[in-house]
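Everything below belongs to structure_24.cif, which stores mmCIF, C-alpha atoms and all ligand atoms.
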data_target
loop_
_atom_site.label_atom_id
_atom_site.label_comp_id
_atom_site.auth_asym_id
_atom_site.auth_seq_id
_atom_site.Cartn_x
_atom_site.Cartn_y
_atom_site.Cartn_z
CA MET N 1 18.03 18.80 -8.13
CA ALA N 2 15.94 15.64 -8.34
CA MET N 3 12.69 15.42 -10.29
CA LEU N 4 9.77 15.38 -7.85
CA ILE N 5 7.47 12.37 -8.26
CA ASP N 6 4.01 13.81 -7.58
CA GLY N 7 1.93 11.06 -5.96
CA LYS N 8 -0.91 13.41 -5.21
CA LYS N 9 -1.38 14.35 -8.86
CA ILE N 10 -0.93 10.81 -10.18
CA SER N 11 -3.30 9.33 -7.59
CA SER N 12 -5.94 11.94 -8.54
CA GLN N 13 -5.64 10.90 -12.20
CA ILE N 14 -6.09 7.24 -11.22
CA LYS N 15 -9.11 8.01 -9.05
CA ASP N 16 -10.68 9.95 -11.93
CA GLU N 17 -10.11 6.98 -14.26
CA ILE N 18 -11.74 4.68 -11.70
CA LYS N 19 -14.65 7.09 -11.25
CA ALA N 20 -15.33 6.89 -14.99
CA GLU N 21 -15.14 3.07 -14.91
CA VAL N 22 -17.50 2.87 -11.92
CA LEU N 23 -19.97 5.10 -13.77
CA THR N 24 -19.87 2.81 -16.83
CA LEU N 25 -20.49 -0.18 -14.54
CA LYS N 26 -23.42 1.59 -12.88
CA GLU N 27 -24.96 2.21 -16.31
CA LYS N 28 -24.79 -1.55 -16.81
CA GLY N 29 -26.48 -2.05 -13.44
CA GLU N 30 -23.35 -3.21 -11.57
CA GLU N 31 -22.43 -1.74 -8.21
CA VAL N 32 -19.11 -2.09 -6.36
CA THR N 33 -19.24 -2.36 -2.56
CA LEU N 34 -16.35 -2.31 -0.07
CA ALA N 35 -16.82 -3.36 3.55
CA VAL N 36 -14.45 -1.48 5.87
CA VAL N 37 -13.91 -2.94 9.34
CA LEU N 38 -12.23 -1.00 12.14
CA VAL N 39 -11.76 -2.43 15.63
CA GLY N 40 -10.96 -0.01 18.46
CA GLU N 41 -10.05 3.66 18.42
CA ASP N 42 -6.46 3.89 17.21
CA PRO N 43 -6.30 7.53 15.97
CA ALA N 44 -4.03 6.79 12.97
CA SER N 45 -6.32 3.92 11.88
CA GLN N 46 -9.35 6.18 12.23
CA VAL N 47 -7.72 8.68 9.86
CA TYR N 48 -6.79 5.95 7.33
CA VAL N 49 -10.30 4.49 7.42
CA ARG N 50 -11.90 7.92 7.01
CA ASN N 51 -9.67 8.61 3.97
CA LYS N 52 -10.54 5.23 2.45
CA LYS N 53 -14.27 5.87 2.86
CA ARG N 54 -13.85 9.36 1.37
CA ALA N 55 -12.07 7.91 -1.67
CA CYS N 56 -14.90 5.39 -2.11
CA GLU N 57 -17.41 8.21 -2.07
CA TYR N 58 -15.37 10.16 -4.65
CA VAL N 59 -15.10 7.32 -7.15
CA GLY N 60 -18.67 6.07 -6.59
CA ILE N 61 -17.88 2.84 -4.76
CA LYS N 62 -20.35 2.06 -1.97
CA SER N 63 -18.66 1.63 1.41
CA LEU N 64 -20.16 -0.23 4.35
CA SER N 65 -18.64 0.77 7.65
CA PHE N 66 -18.22 -1.57 10.63
CA GLU N 67 -16.72 0.25 13.61
CA LEU N 68 -16.40 -2.17 16.50
CA PRO N 69 -15.34 -1.52 20.11
CA ALA N 70 -11.78 -2.40 21.21
CA GLU N 71 -13.17 -5.22 23.42
CA THR N 72 -14.58 -7.10 20.40
CA THR N 73 -13.50 -10.74 20.66
CA GLN N 74 -11.72 -12.62 17.91
CA GLU N 75 -14.77 -14.88 17.55
CA GLU N 76 -17.06 -11.87 17.05
CA LEU N 77 -14.73 -10.42 14.42
CA LEU N 78 -14.41 -13.77 12.63
CA LEU N 79 -18.21 -14.06 12.59
CA LEU N 80 -18.51 -10.65 10.94
CA VAL N 81 -15.85 -11.57 8.34
CA GLU N 82 -17.70 -14.81 7.62
CA LYS N 83 -20.97 -12.91 7.18
CA LEU N 84 -19.32 -10.47 4.75
CA ASN N 85 -17.66 -13.38 2.87
CA HIS N 86 -21.10 -14.81 2.18
CA ASP N 87 -22.83 -11.53 1.37
CA PRO N 88 -23.13 -11.41 -2.44
CA ALA N 89 -23.56 -7.62 -2.29
CA VAL N 90 -20.04 -7.19 -0.81
CA ASN N 91 -17.18 -7.23 -3.33
CA GLY N 92 -14.25 -6.32 -1.11
CA ILE N 93 -13.43 -6.68 2.60
CA LEU N 94 -10.85 -4.54 4.37
CA VAL N 95 -9.99 -5.09 8.03
CA GLN N 96 -7.85 -2.17 9.14
CA LEU N 97 -4.59 -3.15 10.88
CA PRO N 98 -3.25 -3.16 13.53
CA LEU N 99 -5.91 -5.07 15.46
CA PRO N 100 -6.05 -4.98 19.29
CA SER N 101 -3.40 -7.31 20.78
CA HIS N 102 -5.92 -9.95 21.97
CA ILE N 103 -6.86 -10.67 18.33
CA ASP N 104 -4.67 -12.86 16.09
CA GLU N 105 -4.22 -10.78 12.92
CA ASP N 106 -3.08 -13.74 10.82
CA ALA N 107 -6.23 -15.69 11.73
CA VAL N 108 -8.44 -12.76 10.68
CA ILE N 109 -6.60 -12.18 7.39
CA LYS N 110 -6.79 -15.90 6.61
CA ALA N 111 -10.56 -15.86 7.27
CA ILE N 112 -11.22 -13.30 4.51
CA ASP N 113 -12.44 -14.83 1.24
CA PRO N 114 -9.39 -14.55 -1.08
CA ASN N 115 -11.75 -13.31 -3.83
CA LYS N 116 -12.65 -10.32 -1.62
CA ASP N 117 -9.15 -9.68 -0.22
CA VAL N 118 -8.73 -6.15 -1.65
CA ASP N 119 -5.75 -5.51 0.68
CA GLY N 120 -3.84 -8.42 -0.89
CA PHE N 121 -2.78 -9.71 2.54
CA HIS N 122 -4.28 -13.23 2.36
CA PRO N 123 -1.68 -16.04 1.98
CA MET N 124 -3.42 -16.98 -1.32
CA SER N 125 -2.92 -13.46 -2.70
CA VAL N 126 0.71 -13.37 -1.53
CA GLY N 127 1.36 -16.83 -3.00
CA ALA N 128 -0.22 -15.92 -6.34
CA LEU N 129 1.93 -12.80 -6.53
CA SER N 130 5.13 -14.79 -5.87
CA ILE N 131 4.49 -17.16 -8.76
CA GLY N 132 3.14 -14.53 -11.14
CA GLN N 133 -0.50 -15.60 -11.05
CA LYS N 134 -3.57 -13.38 -11.09
CA GLY N 135 -4.72 -12.02 -7.73
CA TYR N 136 -4.84 -8.99 -5.49
CA VAL N 137 -1.59 -7.10 -4.89
CA SER N 138 -0.92 -5.22 -1.65
CA CYS N 139 -1.87 -1.58 -2.31
CA THR N 140 1.30 0.29 -1.31
CA PRO N 141 3.77 -1.71 -3.45
CA ALA N 142 1.27 -1.78 -6.34
CA GLY N 143 1.02 2.01 -6.00
CA ILE N 144 4.80 2.39 -6.16
CA ILE N 145 4.98 0.45 -9.44
CA GLU N 146 2.17 2.60 -10.89
CA LEU N 147 3.92 5.77 -9.68
CA MET N 148 7.13 4.80 -11.47
CA LYS N 149 5.36 3.70 -14.67
CA ARG N 150 3.39 6.92 -14.90
CA SER N 151 6.55 8.97 -14.19
CA GLY N 152 8.39 7.32 -17.09
CA ILE N 153 10.90 5.52 -14.84
CA GLU N 154 12.45 2.45 -16.49
CA MET N 155 12.64 -0.60 -14.21
CA ASP N 156 13.76 -3.32 -16.64
CA GLY N 157 17.35 -4.40 -15.91
CA LYS N 158 17.79 -1.84 -13.12
CA HIS N 159 19.22 -2.69 -9.71
CA CYS N 160 16.47 -2.10 -7.15
CA VAL N 161 17.46 -2.09 -3.48
CA ILE N 162 14.61 -2.36 -0.97
CA VAL N 163 15.26 -1.35 2.63
CA GLY N 164 12.78 -3.21 4.87
CA ARG N 165 11.24 -6.67 4.58
CA SER N 166 7.69 -6.25 5.91
CA ASN N 167 4.83 -8.41 4.63
CA ILE N 168 2.89 -5.30 3.59
CA VAL N 169 5.65 -3.49 1.65
CA GLY N 170 9.18 -4.96 1.43
CA LYS N 171 8.39 -8.54 0.42
CA PRO N 172 5.59 -7.87 -2.12
CA MET N 173 7.67 -4.97 -3.49
CA ALA N 174 10.50 -7.40 -4.26
CA MET N 175 8.11 -9.69 -6.14
CA LEU N 176 6.66 -6.81 -8.16
CA MET N 177 10.10 -5.44 -9.09
CA LEU N 178 11.10 -8.93 -10.26
CA ARG N 179 7.96 -8.97 -12.40
CA GLU N 180 9.22 -5.71 -13.94
CA ASN N 181 12.56 -7.44 -14.72
CA ALA N 182 14.61 -5.49 -12.18
CA THR N 183 17.48 -7.09 -10.27
CA VAL N 184 16.36 -6.99 -6.66
CA THR N 185 18.22 -6.82 -3.35
CA VAL N 186 16.21 -6.82 -0.10
CA THR N 187 17.99 -5.39 2.95
CA HIS N 188 16.82 -5.30 6.57
CA SER N 189 17.87 -4.61 10.16
CA HIS N 190 20.47 -7.43 10.16
CA THR N 191 22.07 -6.38 6.85
CA LYS N 192 25.80 -5.68 7.12
CA ASN N 193 27.26 -2.64 5.33
CA LEU N 194 23.83 -1.26 4.38
CA LYS N 195 25.30 1.91 2.91
CA GLU N 196 27.55 -0.01 0.49
CA ILE N 197 24.48 -1.83 -0.82
CA THR N 198 22.09 1.13 -1.04
CA LYS N 199 24.78 3.08 -2.92
CA GLN N 200 24.55 0.49 -5.71
CA ALA N 201 20.82 1.09 -6.23
CA ASP N 202 19.45 2.57 -9.44
CA ILE N 203 16.09 2.47 -7.64
CA LEU N 204 16.07 2.71 -3.84
CA ILE N 205 12.80 1.92 -2.02
CA VAL N 206 12.76 2.61 1.71
CA ALA N 207 10.13 1.24 4.12
CA ILE N 208 11.56 0.96 7.63
CA GLY N 209 9.61 3.49 9.72
CA ARG N 210 12.66 5.47 10.91
CA ALA N 211 12.50 9.24 10.42
CA LYS N 212 15.05 10.63 7.89
CA PHE N 213 17.24 7.51 8.22
CA ILE N 214 18.47 7.53 4.60
CA THR N 215 20.76 10.51 4.08
CA ALA N 216 22.59 11.58 0.89
CA ASP N 217 25.59 9.33 1.65
CA TYR N 218 23.36 6.24 1.19
CA VAL N 219 22.33 7.26 -2.32
CA LYS N 220 24.01 6.86 -5.72
CA ASP N 221 24.15 9.90 -7.97
CA GLN N 222 20.92 10.19 -10.04
CA ALA N 223 19.18 7.23 -8.32
CA VAL N 224 15.38 7.05 -8.10
CA VAL N 225 14.40 7.26 -4.41
CA ILE N 226 10.97 6.05 -3.20
CA ASP N 227 10.09 6.89 0.41
CA VAL N 228 7.36 4.78 2.02
CA GLY N 229 7.90 6.19 5.54
CA MET N 230 5.23 8.06 7.48
CA ASP N 231 7.23 9.28 10.47
CA HIS N 232 7.50 12.37 12.63
CA ASP N 233 10.66 14.44 12.96
CA GLU N 234 12.07 15.98 16.15
CA ASN N 235 9.49 18.81 15.89
CA GLY N 236 6.56 16.41 15.46
CA LYS N 237 6.26 17.24 11.75
CA LEU N 238 5.30 14.49 9.29
CA CYS N 239 8.34 13.20 7.38
CA GLY N 240 9.58 10.06 5.64
CA ASP N 241 12.36 7.51 6.11
CA VAL N 242 14.47 9.58 3.69
CA ASP N 243 16.16 12.84 4.60
CA PHE N 244 14.50 14.68 1.71
CA ASP N 245 16.55 17.91 1.86
CA SER N 246 19.95 16.23 1.49
CA VAL N 247 18.87 13.32 -0.76
CA GLN N 248 17.09 15.50 -3.34
CA LYS N 249 20.50 17.03 -4.17
CA VAL N 250 21.97 13.69 -5.33
CA ALA N 251 18.90 11.70 -6.52
CA GLY N 252 17.58 11.80 -10.08
CA ALA N 253 13.97 11.52 -8.89
CA ILE N 254 12.37 11.39 -5.44
CA THR N 255 8.95 11.03 -3.80
CA PRO N 256 8.05 13.61 -1.13
CA VAL N 257 6.34 12.87 2.22
CA PRO N 258 3.51 13.77 2.32
CA GLY N 259 2.26 13.67 -1.29
CA GLY N 260 4.32 10.75 -2.61
CA VAL N 261 3.54 7.11 -1.95
CA GLY N 262 0.75 7.73 0.62
CA PRO N 263 -2.03 8.88 -1.73
CA MET N 264 -1.18 6.05 -4.15
CA THR N 265 -2.09 3.38 -1.57
CA ILE N 266 -5.72 4.50 -1.45
CA ALA N 267 -5.92 4.90 -5.24
CA MET N 268 -4.75 1.28 -5.63
CA LEU N 269 -7.28 0.12 -3.05
CA MET N 270 -9.99 1.63 -5.27
CA LYS N 271 -8.43 -0.18 -8.25
CA ASN N 272 -8.45 -3.46 -6.32
CA CYS N 273 -12.16 -2.94 -5.61
CA LEU N 274 -12.72 -2.93 -9.39
CA THR N 275 -10.56 -6.05 -9.77
CA SER N 276 -12.98 -7.71 -7.35
CA LEU N 277 -15.60 -7.72 -10.11
CA GLU N 278 -13.30 -9.78 -12.35
CA LEU N 279 -12.61 -12.25 -9.54
CA LYS N 280 -16.25 -12.51 -8.43
N1 LIG B 1 -2.66 -0.56 8.27
C1 LIG B 1 -1.66 0.15 7.69
N2 LIG B 1 -1.71 0.03 6.35
C2 LIG B 1 -2.77 -0.76 6.07
C3 LIG B 1 -3.35 -1.23 4.85
O1 LIG B 1 -2.88 -0.97 3.74
N3 LIG B 1 -4.46 -2.01 5.00
C4 LIG B 1 -4.97 -2.33 6.20
N4 LIG B 1 -6.03 -3.12 6.22
N5 LIG B 1 -4.46 -1.92 7.34
C5 LIG B 1 -3.38 -1.13 7.27
#
In structure tokens, write the structure found in this file.
Amino acid sequence: MAMLIDGKKISSQIKDEIKAEVLTLKEKGEEVTLAVVLVGEDPASQVYVRNKKRACEYVGIKSLSFELPAETTQEELLLLVEKLNHDPAVNGILVQLPLPSHIDEDAVIKAIDPNKDVDGFHPMSVGALSIGQKGYVSCTPAGIIELMKRSGIEMDGKHCVIVGRSNIVGKPMAMLMLRENATVTVTHSHTKNLKEITKQADILIVAIGRAKFITADYVKDQAVVIDVGMDHDENGKLCGDVDFDSVQKVAGAITPVPGGVGPMTIAMLMKNCLTSLELK
């Protein structure tokens, strides 16, 4: 049976460390403020935003909430971003995605001051990551690295196979695993013989958004399996991209859904809010 990688426990430890750091900063008269922008009423986004604000409250980071109607124009949103860019009291800006279809997401991300880009989505942040320079790192992949480090999983020299090439997870994940000296293969929907490749992975990271897609026959004996999926099974129950029940019998270590990667994303967002003070 695979070792369970407990993201809930590890993320709680991280949040407690951040809470202590925020307290020390407060004693020195420094406050950390995150502006959270939500456009429209997407129920999943509302839950994510609520959880992010709750985490801020827990660690002592001030959160400013901007909840705008779905009809908000791109110009109105860009004006708000510009205002927050210039507000010296705001350290980090987070615009929850997805945005309504009449708004160009890339234009909004590009408008955020790179020094306040706590999501790590700005082209400057992504570029800095690719060439190993200082900057914000996208929270989910950063959380996965932290999860493995704190679980004693060696990455140096290992073959890491990533399934999925999204801008938020797959691509930055590849860059971070390279930074950890892993050998990296990125697979995607056009990859031929996917199973032959995933079976070579010492570390298999799956982020494709397809419920229980990765079954035991995709996994090498004793591999580390990281599941980024947040899907629903045939009964509407929350599950990941990995078929946990079958894969846990062959893997050496595995993250559950829920309680694996998910809670780490928010913990890393809090960490990025602290980084904002260094970049200020
Ligand atoms: N939508 C889904 N995940 C994320 C995230 O990490 N940040 C933002 N801003 N939007 C998201």
Please give me, as a PDB file with C-alpha atoms, in the coordinates of the input, the residues lying within 6 Å of ligand LIG 1 (chain B) when counting all atoms listed in the file.
ATOM      1  CA  LEU N  94     -10.850  -4.540   4.370  1.00  0.00           C
ATOM      2  CA  VAL N  95      -9.990  -5.090   8.030  1.00  0.00           C
ATOM      3  CA  GLN N  96      -7.850  -2.170   9.140  1.00  0.00           C
ATOM      4  CA  LEU N  97      -4.590  -3.150  10.880  1.00  0.00           C
ATOM      5  CA  PRO N  98      -3.250  -3.160  13.530  1.00  0.00           C
ATOM      6  CA  ASP N 119      -5.750  -5.510   0.680  1.00  0.00           C
TER       7      ASP N 119
END
Next on the checklist: Set the distance at 7 Å and use all atoms listed in the file: which residues neighbour Gly240 of chain N once local chain neighbours fewer than 5 positions away are removed? I'd like the list as a PyMOL selection string.
Outcome noted: chain N and resi 211-212+227-231+257
Checklist outcome for this item: Glu31 of chain N proximity check over N:Lys8, N:Arg54, N:Lys62, N:His188, using only C-alpha atoms: winner is N:Lys62
With 8 Å as the cut-off and all atoms listed in the file counted, what is the closest atom pair between each nearby residue of segment 13-66 of chain N and segment 80-93 of chain N? Distances in Å to one decimal, ordered by chain and number, as CSV.
residue,atom,partner,partner_atom,distance
N:Val32,CA,N:Asn91,CA,6.3
N:Thr33,CA,N:Val90,CA,5.2
N:Leu34,CA,N:Gly92,CA,4.6
N:Ala35,CA,N:Ile93,CA,4.8
N:Val36,CA,N:Ile93,CA,6.2
N:Val37,CA,N:Ile93,CA,7.7
Next on the checklist: Residues within 12 Å of Ile153 of chain N, please, as a VMD selection string. Count all atoms listed in the file; anything in the same chain fewer than 5 positions from it doesn't count.
Outcome noted: chain N and resid 3 5 144 to 148 158 180 182 202 to 203 223 to 226 252 to 254
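The two atoms in question, atom CA of Gly152 of chain N and atom CA of Val184 of chain N, are spaced 19.4 Å apart.
In terms of minimum interatomic distance to Ile131 of chain N, N:Leu178 ranks closest within N:Leu25, N:Leu277, N:Val39, N:Leu178, counting all atoms listed in the file.
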Item to check | Within 9 Å of file point (25.8, 7.3, -6.1), counting all atoms listed in the file, expressed as an MDAnalysis selection string | outcome: chainID N and resid 198:202 216:223 250:251
Checklist entry - Just how far from atom CA of His190 of chain N is atom CA of Ser125 of chain N, in Å to one decimal? => result 27.4 Å
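Residue nearest Val137 of chain N, chosen from N:Ile205, N:Ala111, N:Leu269, N:Leu4 and counting only C-alpha atoms: N:Leu269.
Picture a line from atom CA of Lys26 of chain N to atom CA of Lys271 of chain N; it runs 15.8 Å.
With all atoms listed in the file taken into account, the protein and nucleic acid residues at most 12 Å from Glu21 of chain N (excluding it and anything under 5 positions from it in its own chain) are Ile14, Lys15, Asp16, Lys26, Glu27, Lys28, Glu30, Glu31, Val32, Val59, Gly60, Ile61, Met270, Lys271, Cys273, Leu274, Thr275 and Leu277 of chain N.
Between Leu176 of chain N and the candidates N:Ser151, N:Thr140, N:Ser189, N:Thr73, the tightest atom-to-atom separation, counting only C-alpha atoms, involves N:Thr140.
Compared by their closest atoms to Glu67 of chain N, and using only C-alpha atoms, the residues N:Ala207, N:Leu38, N:Leu23, N:Leu79 rank with N:Leu38 nearest.
Minimum distance to Gly209 of chain N across N:Gln13, N:Val163, N:Met177, N:Gln248 (counting all atoms listed in the file) occurs at N:Val163.
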For the contact check between segment 57-160 of chain N and segment 40-49 of chain N, emit one row per residue of segment 57-160 of chain N within 7 Å, containing the shortest atom pair and the distance in Å rounded to one decimal, counting all atoms listed in the file, chain then rising number order, as JSON lines.
{"residue": "N:Leu68", "atom": "CA", "partner": "N:Gly40", "partner_atom": "CA", "distance": 6.2}
{"residue": "N:Pro69", "atom": "CA", "partner": "N:Gly40", "partner_atom": "CA", "distance": 4.9}
{"residue": "N:Ala70", "atom": "CA", "partner": "N:Gly40", "partner_atom": "CA", "distance": 3.7}
{"residue": "N:Gln96", "atom": "CA", "partner": "N:Ser45", "partner_atom": "CA", "distance": 6.9}
Keeping only C-alpha atoms, write those residues as a PDB file, in the coordinates of the input.
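The resulting result.pdb:
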ATOM      1  CA  LEU N  68     -16.400  -2.170  16.500  1.00  0.00           C
ATOM      2  CA  PRO N  69     -15.340  -1.520  20.110  1.00  0.00           C
ATOM      3  CA  ALA N  70     -11.780  -2.400  21.210  1.00  0.00           C
ATOM      4  CA  GLN N  96      -7.850  -2.170   9.140  1.00  0.00           C
TER       5      GLN N  96
END
Please report, as JSON, the centre and edge lengths in Å to one decimal of an axis-aligned box covering all listed atoms of segment 134-145 of chain N with 6 Å per side.
{"center_x": 0.1, "center_y": -5.5, "center_z": -6.2, "size_x": 21.8, "size_y": 27.8, "size_z": 21.8}
Checklist entry - What lies within 7 Å of Asn181 of chain N using only C-alpha atoms, ignoring chain neighbours under 5 positions off, as a list of chain:residue names? => result N:Met155, N:Asp156, N:Gly157
